[in-house]
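Asks: Provided herewith: protein-v4.cif, mmCIF, C-alpha atoms and all ligand atoms.
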```cif
data_work
#
loop_
_atom_site.group_PDB
_atom_site.id
_atom_site.type_symbol
_atom_site.label_atom_id
_atom_site.label_comp_id
_atom_site.auth_asym_id
_atom_site.auth_seq_id
_atom_site.Cartn_x
_atom_site.Cartn_y
_atom_site.Cartn_z
ATOM 1 C CA LEU L 21 0.000 0.000 0.000
ATOM 2 C CA ALA L 22 2.937 2.361 0.559
ATOM 3 C CA SER L 23 4.319 1.690 -2.911
ATOM 4 C CA ARG L 24 3.999 4.020 -5.885
ATOM 5 C CA ASP L 25 3.098 1.027 -8.024
ATOM 6 C CA PHE L 26 -0.075 0.645 -6.011
ATOM 7 C CA HIS L 27 -0.902 4.365 -5.878
ATOM 8 C CA PRO L 28 0.763 6.341 -8.703
ATOM 9 C CA SER L 29 -0.349 9.848 -7.666
ATOM 10 C CA ASP L 30 1.033 11.680 -4.623
ATOM 11 C CA THR L 31 -0.936 11.312 -1.416
ATOM 12 C CA VAL L 32 -2.089 14.672 -0.117
ATOM 13 C CA ILE L 33 -3.132 14.752 3.537
ATOM 14 C CA LYS L 34 -5.604 17.517 4.275
ATOM 15 C CA ILE L 35 -5.872 18.679 7.871
ATOM 16 C CA LYS L 36 -8.222 21.636 8.295
ATOM 17 C CA ASP L 37 -6.906 24.118 5.719
ATOM 18 C CA VAL L 38 -3.398 22.649 5.440
ATOM 19 C CA GLU L 39 -2.536 20.237 2.630
ATOM 20 C CA ILE L 40 0.563 18.124 3.195
ATOM 21 C CA GLY L 41 2.087 16.433 0.158
ATOM 22 C CA GLY L 42 0.898 18.908 -2.475
ATOM 23 C CA ASP L 43 2.833 21.774 -4.054
ATOM 24 C CA GLN L 44 3.228 23.718 -0.846
ATOM 25 C CA LEU L 45 5.699 23.277 1.934
ATOM 26 C CA VAL L 46 4.453 22.585 5.456
ATOM 27 C CA ILE L 47 6.519 23.947 8.341
ATOM 28 C CA MET L 48 6.282 22.326 11.765
ATOM 29 C CA GLY L 49 8.120 24.215 14.475
ATOM 30 C CA GLY L 50 8.398 24.232 18.228
ATOM 31 C CA PRO L 51 10.322 22.923 21.190
ATOM 32 C CA CYS L 52 11.602 19.408 21.661
ATOM 33 C CA ALA L 53 9.421 19.140 24.769
ATOM 34 C CA VAL L 54 6.407 20.962 26.125
ATOM 35 C CA GLU L 55 7.645 22.425 29.410
ATOM 36 C CA SER L 56 4.988 24.814 30.735
ATOM 37 C CA PRO L 57 1.857 26.644 29.536
ATOM 38 C CA GLY L 58 3.793 29.897 29.178
ATOM 39 C CA GLN L 59 6.635 28.277 27.239
ATOM 40 C CA ILE L 60 4.430 26.551 24.669
ATOM 41 C CA ASP L 61 2.126 29.562 24.310
ATOM 42 C CA GLU L 62 5.003 31.916 23.569
ATOM 43 C CA ILE L 63 6.623 29.514 21.114
ATOM 44 C CA ALA L 64 3.275 28.950 19.378
ATOM 45 C CA ARG L 65 2.930 32.703 18.946
ATOM 46 C CA LEU L 66 6.376 32.862 17.362
ATOM 47 C CA VAL L 67 5.755 29.883 15.054
ATOM 48 C CA LYS L 68 2.534 31.488 13.819
ATOM 49 C CA MET L 69 4.093 34.931 13.436
ATOM 50 C CA SER L 70 6.946 33.443 11.398
ATOM 51 C CA GLY L 71 4.543 31.729 9.002
ATOM 52 C CA GLY L 72 4.560 28.140 10.279
ATOM 53 C CA GLN L 73 1.466 25.951 10.163
ATOM 54 C CA VAL L 74 2.078 23.253 12.779
ATOM 55 C CA LEU L 75 3.210 23.460 16.406
ATOM 56 C CA ARG L 76 5.476 20.612 17.484
ATOM 57 C CA GLY L 77 6.215 19.593 21.066
ATOM 58 C CA GLY L 78 6.676 16.364 22.969
ATOM 59 C CA ALA L 79 4.610 15.658 26.076
ATOM 60 C CA PHE L 80 5.998 12.102 26.241
ATOM 61 C CA LYS L 81 9.720 12.024 25.529
ATOM 62 C CA PRO L 82 11.574 8.840 24.518
ATOM 63 C CA ARG L 83 14.822 9.484 26.366
ATOM 64 C CA THR L 84 17.909 7.344 25.943
ATOM 65 C CA GLY L 85 18.489 7.309 29.719
ATOM 66 C CA PRO L 86 15.779 6.394 32.235
ATOM 67 C CA TYR L 87 16.774 9.197 34.628
ATOM 68 C CA SER L 88 16.453 11.969 32.035
ATOM 69 C CA PHE L 89 13.372 14.225 31.924
ATOM 70 C CA GLN L 90 10.591 12.108 30.401
ATOM 71 C CA GLY L 91 8.164 14.883 29.471
ATOM 72 C CA VAL L 92 5.275 16.430 31.373
ATOM 73 C CA GLY L 93 2.742 13.846 30.126
ATOM 74 C CA VAL L 94 -0.985 14.347 29.654
ATOM 75 C CA GLU L 95 -0.894 17.897 31.037
ATOM 76 C CA GLY L 96 1.514 18.720 28.246
ATOM 77 C CA LEU L 97 -1.013 17.523 25.689
ATOM 78 C CA GLU L 98 -3.534 19.953 27.143
ATOM 79 C CA MET L 99 -1.060 22.832 27.185
ATOM 80 C CA MET L 100 -0.173 22.249 23.579
ATOM 81 C CA ALA L 101 -3.754 21.851 22.378
ATOM 82 C CA GLU L 102 -4.631 25.142 24.051
ATOM 83 C CA ALA L 103 -1.660 26.958 22.476
ATOM 84 C CA GLY L 104 -2.514 25.526 19.052
ATOM 85 C CA ARG L 105 -6.137 26.635 19.342
ATOM 86 C CA LYS L 106 -5.247 30.091 20.573
ATOM 87 C CA HIS L 107 -2.732 30.778 17.810
ATOM 88 C CA GLY L 108 -4.462 28.959 14.954
ATOM 89 C CA LEU L 109 -1.878 26.213 14.485
ATOM 90 C CA LEU L 110 -2.196 22.494 13.936
ATOM 91 C CA THR L 111 -0.320 20.416 16.495
ATOM 92 C CA ILE L 112 1.939 17.369 16.374
ATOM 93 C CA THR L 113 3.113 15.333 19.341
ATOM 94 C CA GLU L 114 4.858 12.013 19.887
ATOM 95 C CA VAL L 115 3.023 8.911 21.055
ATOM 96 C CA MET L 116 5.103 6.050 22.434
ATOM 97 C CA THR L 117 2.680 3.304 23.436
ATOM 98 C CA PRO L 118 -0.597 1.914 22.055
ATOM 99 C CA GLU L 119 -2.408 2.758 25.319
ATOM 100 C CA TYR L 120 -1.754 6.474 24.811
ATOM 101 C CA VAL L 121 -2.802 6.681 21.160
ATOM 102 C CA ASP L 122 -6.412 7.641 21.882
ATOM 103 C CA ILE L 123 -5.646 10.368 24.372
ATOM 104 C CA CYS L 124 -2.900 11.819 22.176
ATOM 105 C CA ALA L 125 -5.251 11.765 19.179
ATOM 106 C CA GLU L 126 -7.883 13.619 21.197
ATOM 107 C CA HIS L 127 -5.435 16.452 21.799
ATOM 108 C CA ALA L 128 -3.255 16.656 18.681
ATOM 109 C CA ASP L 129 -3.861 16.885 14.932
ATOM 110 C CA ILE L 130 -0.868 14.725 13.975
ATOM 111 C CA LEU L 131 0.755 11.900 15.928
ATOM 112 C CA GLN L 132 4.502 11.394 15.702
ATOM 113 C CA VAL L 133 6.166 8.001 15.947
ATOM 114 C CA GLY L 134 9.770 8.537 17.039
ATOM 115 C CA THR L 135 12.834 6.946 15.536
ATOM 116 C CA ARG L 136 13.151 4.519 18.478
ATOM 117 C CA ASN L 137 9.623 3.271 17.925
ATOM 118 C CA MET L 138 9.628 2.864 14.148
ATOM 119 C CA GLN L 139 9.369 -0.885 14.601
ATOM 120 C CA ASN L 140 7.090 -0.838 17.635
ATOM 121 C CA PHE L 141 4.609 -2.985 15.764
ATOM 122 C CA ASP L 142 1.897 -2.898 18.422
ATOM 123 C CA LEU L 143 1.997 0.899 18.288
ATOM 124 C CA LEU L 144 1.911 0.906 14.473
ATOM 125 C CA ARG L 145 -1.030 -1.505 14.444
ATOM 126 C CA LYS L 146 -2.957 0.658 16.884
ATOM 127 C CA LEU L 147 -2.284 3.751 14.727
ATOM 128 C CA GLY L 148 -3.751 1.833 11.799
ATOM 129 C CA THR L 149 -7.101 1.659 13.572
ATOM 130 C CA ILE L 150 -7.627 5.442 13.687
ATOM 131 C CA GLN L 151 -7.688 8.120 10.976
ATOM 132 C CA THR L 152 -5.489 10.725 12.655
ATOM 133 C CA PRO L 153 -2.493 11.558 10.434
ATOM 134 C CA VAL L 154 0.777 9.982 11.534
ATOM 135 C CA LEU L 155 4.296 11.294 11.012
ATOM 136 C CA LEU L 156 6.460 8.190 11.051
ATOM 137 C CA LYS L 157 10.129 8.843 11.718
ATOM 138 C CA ARG L 158 12.739 6.658 10.131
ATOM 139 C CA GLY L 159 14.539 4.387 12.563
ATOM 140 C CA PHE L 160 18.114 5.632 12.944
ATOM 141 C CA SER L 161 19.481 2.344 11.625
ATOM 142 C CA SER L 162 16.701 1.433 9.221
ATOM 143 C CA THR L 163 16.832 0.901 5.485
ATOM 144 C CA TYR L 164 14.249 2.457 3.174
ATOM 145 C CA ASP L 165 12.651 -0.946 2.829
ATOM 146 C CA GLU L 166 12.307 -1.397 6.591
ATOM 147 C CA PHE L 167 10.960 2.154 6.852
ATOM 148 C CA LEU L 168 8.325 1.579 4.178
ATOM 149 C CA ASN L 169 7.353 -1.705 5.791
ATOM 150 C CA ALA L 170 6.755 0.136 9.051
ATOM 151 C CA ALA L 171 4.488 2.585 7.178
ATOM 152 C CA GLU L 172 2.773 -0.436 5.648
ATOM 153 C CA TYR L 173 1.656 -1.607 9.104
ATOM 154 C CA ILE L 174 -0.281 1.629 9.622
ATOM 155 C CA LEU L 175 -1.712 1.667 6.099
ATOM 156 C CA ALA L 176 -2.667 -2.001 6.247
ATOM 157 C CA GLY L 177 -4.699 -1.326 9.383
ATOM 158 C CA GLY L 178 -6.827 1.185 7.484
ATOM 159 C CA ASN L 179 -5.222 4.565 8.188
ATOM 160 C CA PRO L 180 -4.092 6.070 4.857
ATOM 161 C CA ASN L 181 -2.774 9.293 6.437
ATOM 162 C CA VAL L 182 0.919 8.557 6.849
ATOM 163 C CA MET L 183 3.873 10.919 6.318
ATOM 164 C CA LEU L 184 7.447 9.692 6.227
ATOM 165 C CA CYS L 185 10.124 11.640 8.106
ATOM 166 C CA GLU L 186 13.844 11.458 7.432
ATOM 167 C CA ARG L 187 15.547 12.426 10.702
ATOM 168 C CA GLY L 188 19.102 11.249 10.203
ATOM 169 C CA ILE L 189 20.778 7.899 10.564
ATOM 170 C CA ARG L 190 23.676 6.599 12.587
ATOM 171 C CA THR L 191 27.010 6.656 10.760
ATOM 172 C CA PHE L 192 30.695 6.711 11.766
ATOM 173 C CA GLU L 193 30.630 10.520 11.809
ATOM 174 C CA SER L 194 30.580 11.904 15.325
ATOM 175 C CA TYR L 195 30.728 15.655 14.585
ATOM 176 C CA THR L 196 27.015 15.562 13.845
ATOM 177 C CA ARG L 197 24.507 13.751 16.060
ATOM 178 C CA ASN L 198 23.152 11.832 13.057
ATOM 179 C CA THR L 199 23.746 11.982 9.312
ATOM 180 C CA LEU L 200 20.758 13.494 7.524
ATOM 181 C CA ASP L 201 20.248 11.206 4.530
ATOM 182 C CA LEU L 202 19.204 13.709 1.875
ATOM 183 C CA ALA L 203 18.955 11.029 -0.803
ATOM 184 C CA ALA L 204 16.201 9.427 1.248
ATOM 185 C CA ILE L 205 13.907 12.318 0.314
ATOM 186 C CA PRO L 206 13.749 11.731 -3.463
ATOM 187 C CA ALA L 207 14.260 7.982 -3.068
ATOM 188 C CA LEU L 208 11.265 7.605 -0.760
ATOM 189 C CA GLN L 209 9.196 9.810 -3.045
ATOM 190 C CA GLN L 210 10.089 7.591 -5.993
ATOM 191 C CA LEU L 211 9.335 4.382 -4.093
ATOM 192 C CA SER L 212 6.243 5.702 -2.350
ATOM 193 C CA HIS L 213 3.372 8.154 -2.813
ATOM 194 C CA LEU L 214 3.467 9.320 0.808
ATOM 195 C CA PRO L 215 4.565 12.863 1.771
ATOM 196 C CA VAL L 216 8.173 13.135 2.949
ATOM 197 C CA ILE L 217 9.119 15.519 5.750
ATOM 198 C CA SER L 218 12.716 16.316 6.701
ATOM 199 C CA ASP L 219 13.958 16.866 10.259
ATOM 200 C CA PRO L 220 17.318 18.655 10.056
ATOM 201 C CA SER L 221 17.273 19.346 13.823
ATOM 202 C CA HIS L 222 17.684 15.707 14.831
ATOM 203 C CA GLY L 223 19.371 14.998 11.506
ATOM 204 C CA THR L 224 22.357 17.147 12.424
ATOM 205 C CA GLY L 225 22.062 17.881 16.145
ATOM 206 C CA ARG L 226 23.748 21.252 15.542
ATOM 207 C CA ARG L 227 21.912 24.570 15.353
ATOM 208 C CA GLU L 228 24.277 26.076 12.788
ATOM 209 C CA LEU L 229 23.597 23.233 10.350
ATOM 210 C CA VAL L 230 19.806 23.350 10.562
ATOM 211 C CA GLU L 231 19.254 26.257 8.168
ATOM 212 C CA PRO L 232 21.457 24.939 5.317
ATOM 213 C CA MET L 233 20.030 21.422 5.670
ATOM 214 C CA CYS L 234 16.471 22.780 5.636
ATOM 215 C CA LYS L 235 17.245 24.495 2.342
ATOM 216 C CA ALA L 236 18.944 21.381 0.992
ATOM 217 C CA SER L 237 15.917 19.290 1.977
ATOM 218 C CA VAL L 238 13.598 21.618 0.091
ATOM 219 C CA ALA L 239 15.904 21.504 -2.928
ATOM 220 C CA ALA L 240 15.751 17.695 -2.708
ATOM 221 C CA GLY L 241 11.953 17.870 -2.870
ATOM 222 C CA ALA L 242 10.816 17.557 0.760
ATOM 223 C CA ASN L 243 7.100 18.211 1.288
ATOM 224 C CA GLY L 244 7.782 19.802 4.637
ATOM 225 C CA LEU L 245 10.176 20.404 7.503
ATOM 226 C CA ILE L 246 10.024 19.799 11.214
ATOM 227 C CA VAL L 247 12.320 22.162 13.089
ATOM 228 C CA GLU L 248 13.075 22.613 16.780
ATOM 229 C CA MET L 249 12.834 26.170 18.046
ATOM 230 C CA HIS L 250 13.048 27.409 21.638
ATOM 231 C CA THR L 251 12.952 30.805 23.293
ATOM 232 C CA ASP L 252 15.731 29.776 25.705
ATOM 233 C CA PRO L 253 17.562 26.823 24.136
ATOM 234 C CA ASP L 254 20.380 26.818 26.707
ATOM 235 C CA ASN L 255 17.876 26.093 29.467
ATOM 236 C CA SER L 256 15.592 23.681 27.613
ATOM 237 C CA MET L 257 14.564 20.606 29.574
ATOM 238 C CA THR L 258 15.872 18.066 27.065
ATOM 239 C CA GLY L 259 19.366 17.972 25.609
ATOM 240 C CA ASP L 260 18.036 19.269 22.310
ATOM 241 C CA GLY L 261 18.738 22.945 23.073
ATOM 242 C CA VAL L 262 21.973 22.680 21.070
ATOM 243 C CA GLN L 263 20.001 21.964 17.922
ATOM 244 C CA SER L 264 17.114 24.360 18.603
ATOM 245 C CA LEU L 265 16.937 27.569 16.601
ATOM 246 C CA PHE L 266 16.446 30.893 18.338
ATOM 247 C CA PRO L 267 13.135 32.535 17.375
ATOM 248 C CA ASP L 268 14.809 35.130 15.138
ATOM 249 C CA GLN L 269 16.700 32.398 13.267
ATOM 250 C CA PHE L 270 13.463 30.489 12.779
ATOM 251 C CA ALA L 271 11.717 33.575 11.396
ATOM 252 C CA ARG L 272 14.577 34.290 8.986
ATOM 253 C CA LEU L 273 14.670 30.666 7.875
ATOM 254 C CA LEU L 274 11.000 30.772 6.900
ATOM 255 C CA GLN L 275 11.499 34.013 4.985
ATOM 256 C CA ASP L 276 14.308 32.365 3.029
ATOM 257 C CA LEU L 277 12.333 29.161 2.444
ATOM 258 C CA GLU L 278 9.445 31.119 1.003
ATOM 259 C CA LYS L 279 11.768 32.126 -1.842
ATOM 260 C CA LEU L 280 12.368 28.448 -2.619
ATOM 261 C CA ALA L 281 8.824 27.103 -2.381
ATOM 262 C CA PRO L 282 5.374 28.422 -1.432
ATOM 263 C CA LEU L 283 4.469 27.687 2.190
ATOM 264 C CA CYS L 284 1.116 26.094 3.071
HETATM 265 C C1 LIG L 301 11.811 14.572 18.702
HETATM 266 O O1 LIG L 301 11.186 14.883 17.662
HETATM 267 O O2 LIG L 301 12.004 15.368 19.640
HETATM 268 C C2 LIG L 301 12.440 13.237 18.761
HETATM 269 C C3 LIG L 301 12.670 12.639 19.925
HETATM 270 O O3 LIG L 301 12.771 12.760 17.549
HETATM 271 P P1 LIG L 301 13.464 11.384 17.117
HETATM 272 O O4 LIG L 301 12.497 10.311 17.432
HETATM 273 O O5 LIG L 301 13.685 11.581 15.645
HETATM 274 O O6 LIG L 301 14.761 11.276 17.872
HETATM 275 MN MN MN L 302 14.031 16.574 20.131
#
```
If you took the structure in this file and wrote it as structure tokens, what would it be?
Replies:
Amino acid sequence: LASRDFHPSDTVIKIKDVEIGGDQLVIMGGPCAVESPGQIDEIARLVKMSGGQVLRGGAFKPRTGPYSFQGVGVEGLEMMAEAGRKHGLLTITEVMTPEYVDICAEHADILQVGTRNMQNFDLLRKLGTIQTPVLLKRGFSSTYDEFLNAAEYILAGGNPNVMLCERGIRTFESYTRNTLDLAAIPALQQLSHLPVISDPSHGTGRRELVEPMCKASVAAGANGLIVEMHTDPDNSMTGDGVQSLFPDQFARLLQDLEKLAPLC
């Protein structure tokens, strides 16, 4: 079902007035994690003012270490939904377990499956039973074939609203956190009809590389970008401050991107 042979035309996912997978670029911006009502409200305001369409933010965080901040949980979903409503943005948040799919879907417009859960088959199966759009991140050591098979689980369950997200893979290079696989963007679009979103924040792990890799992703044909932005990156509650743009950088990035492709 994920294959272009099965479905020759591009899949366009329409959420309210935003069409993902068409000719326009969708921009998802926001913090790694929802931290407080004030934090997410202020960042939502900045995302909207800069021209973004979707507010990102994790309420449940898949942390490598069990003692790291794990997210604020269900309250975070409420904080983000409120900020999205107030500022007229769609919202995307990560869901980690099948039990939380329904409550996350009640609060967010798009559900994110993180790189560590790309092959959490119970989660994928559960996401196949609803119609909420899913942004499926590529596992950091997964091939395109494994990635498309993971998408297939959701599609096979009956949910056609799947976006693929390239977020960098593990290589021998240690300067960057991951290696953003730019070739994945056109390759996945050739193999599949699903929209492809690029995540240069996790794909590089370095703020100064996010802007050039966003532009490169658009040049490679990405249907959208997901970008971390924080008002106070140095004091963010996850380690992702180092890859988060400052609000003024985010605003400038969107101005530049608009010259490359129309935004949604
Ligand atoms: C995130 O989007 O903050 C995140 C944890 O992403 P990934 O699953 O790609 O590491
Ligand atoms: Mn993050």
Asks: Expand the PyMOL selection byres (((chain L and resi 191) around 12) and not hetatm) into the explicit residue set it covers here, and present it as a list in words.
Replies: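 Output of the PyMOL selection byres (((chain L and resi 191) around 12) and not hetatm): Phe160, Ser161, Ser162, Gly188, Ile189, Arg190, Phe192, Glu193, Ser194, Tyr195, Thr196, Arg197, Asn198, Thr199, Leu200, Asp201, Gly223 and Thr224 of chain L.
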Asks: Would you mind exporting C-alpha atoms of the selected residues as a compact mmCIF listing (two decimals), keeping the file's coordinate frame?
Replies:
```txt
# COMPACT_ATOMS: atom_id res chain seq x y z
CA PHE L 160 18.11 5.63 12.94
CA SER L 161 19.48 2.34 11.62
CA SER L 162 16.70 1.43 9.22
CA GLY L 188 19.10 11.25 10.20
CA ILE L 189 20.78 7.90 10.56
CA ARG L 190 23.68 6.60 12.59
CA PHE L 192 30.70 6.71 11.77
CA GLU L 193 30.63 10.52 11.81
CA SER L 194 30.58 11.90 15.32
CA TYR L 195 30.73 15.66 14.58
CA THR L 196 27.02 15.56 13.84
CA ARG L 197 24.51 13.75 16.06
CA ASN L 198 23.15 11.83 13.06
CA THR L 199 23.75 11.98 9.31
CA LEU L 200 20.76 13.49 7.52
CA ASP L 201 20.25 11.21 4.53
CA GLY L 223 19.37 15.00 11.51
CA THR L 224 22.36 17.15 12.42
```
Asks: Taking the file above as input, evaluate the PyMOL selection byres (((chain L and resi 67-78) around 7) and not hetatm) and report the hits as a PyMOL selection string.
Replies: chain L and resi 46-54+63-66+79-81+91+104+107+109-114+271+274
Asks: Compile the contact shell of L:Ser23 as a PDB file with C-alpha atoms, in the coordinates of the input: residues with an atom at most 10 Å away, counting only C-alpha atoms, same-chain residues fewer than 2 positions apart removed.
Replies:
```pdb
ATOM      1  CA  LEU L  21       0.000   0.000   0.000  1.00  0.00           C
ATOM      2  CA  ASP L  25       3.098   1.027  -8.024  1.00  0.00           C
ATOM      3  CA  PHE L  26      -0.075   0.645  -6.011  1.00  0.00           C
ATOM      4  CA  HIS L  27      -0.902   4.365  -5.878  1.00  0.00           C
ATOM      5  CA  PRO L  28       0.763   6.341  -8.703  1.00  0.00           C
ATOM      6  CA  LEU L 168       8.325   1.579   4.178  1.00  0.00           C
ATOM      7  CA  ASN L 169       7.353  -1.705   5.791  1.00  0.00           C
ATOM      8  CA  GLU L 172       2.773  -0.436   5.648  1.00  0.00           C
ATOM      9  CA  LEU L 208      11.265   7.605  -0.760  1.00  0.00           C
ATOM     10  CA  GLN L 209       9.196   9.810  -3.045  1.00  0.00           C
ATOM     11  CA  GLN L 210      10.089   7.591  -5.993  1.00  0.00           C
ATOM     12  CA  LEU L 211       9.335   4.382  -4.093  1.00  0.00           C
ATOM     13  CA  SER L 212       6.243   5.702  -2.350  1.00  0.00           C
ATOM     14  CA  HIS L 213       3.372   8.154  -2.813  1.00  0.00           C
ATOM     15  CA  LEU L 214       3.467   9.320   0.808  1.00  0.00           C
TER      16      LEU L 214
END
```
Asks: What does the distance from atom CA of L:Leu175 to atom CA of L:Thr152 come to in Å, to one decimal?
Replies: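 Result for atom CA of L:Leu175 versus atom CA of L:Thr152: 11.8 Å, one decimal.
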Asks: With the file shown as input, list the residues that the PyMOL selection byres (((not hetatm)) within 6 of (chain L and resi 301)) selects, as a compact mmCIF listing (two decimals) with C-alpha atoms, keeping the file's coordinate frame.
Replies:
```txt
# COMPACT_ATOMS: atom_id res chain seq x y z
CA CYS L 52 11.60 19.41 21.66
CA GLY L 134 9.77 8.54 17.04
CA THR L 135 12.83 6.95 15.54
CA ARG L 136 13.15 4.52 18.48
CA LYS L 157 10.13 8.84 11.72
CA ARG L 187 15.55 12.43 10.70
CA HIS L 222 17.68 15.71 14.83
```
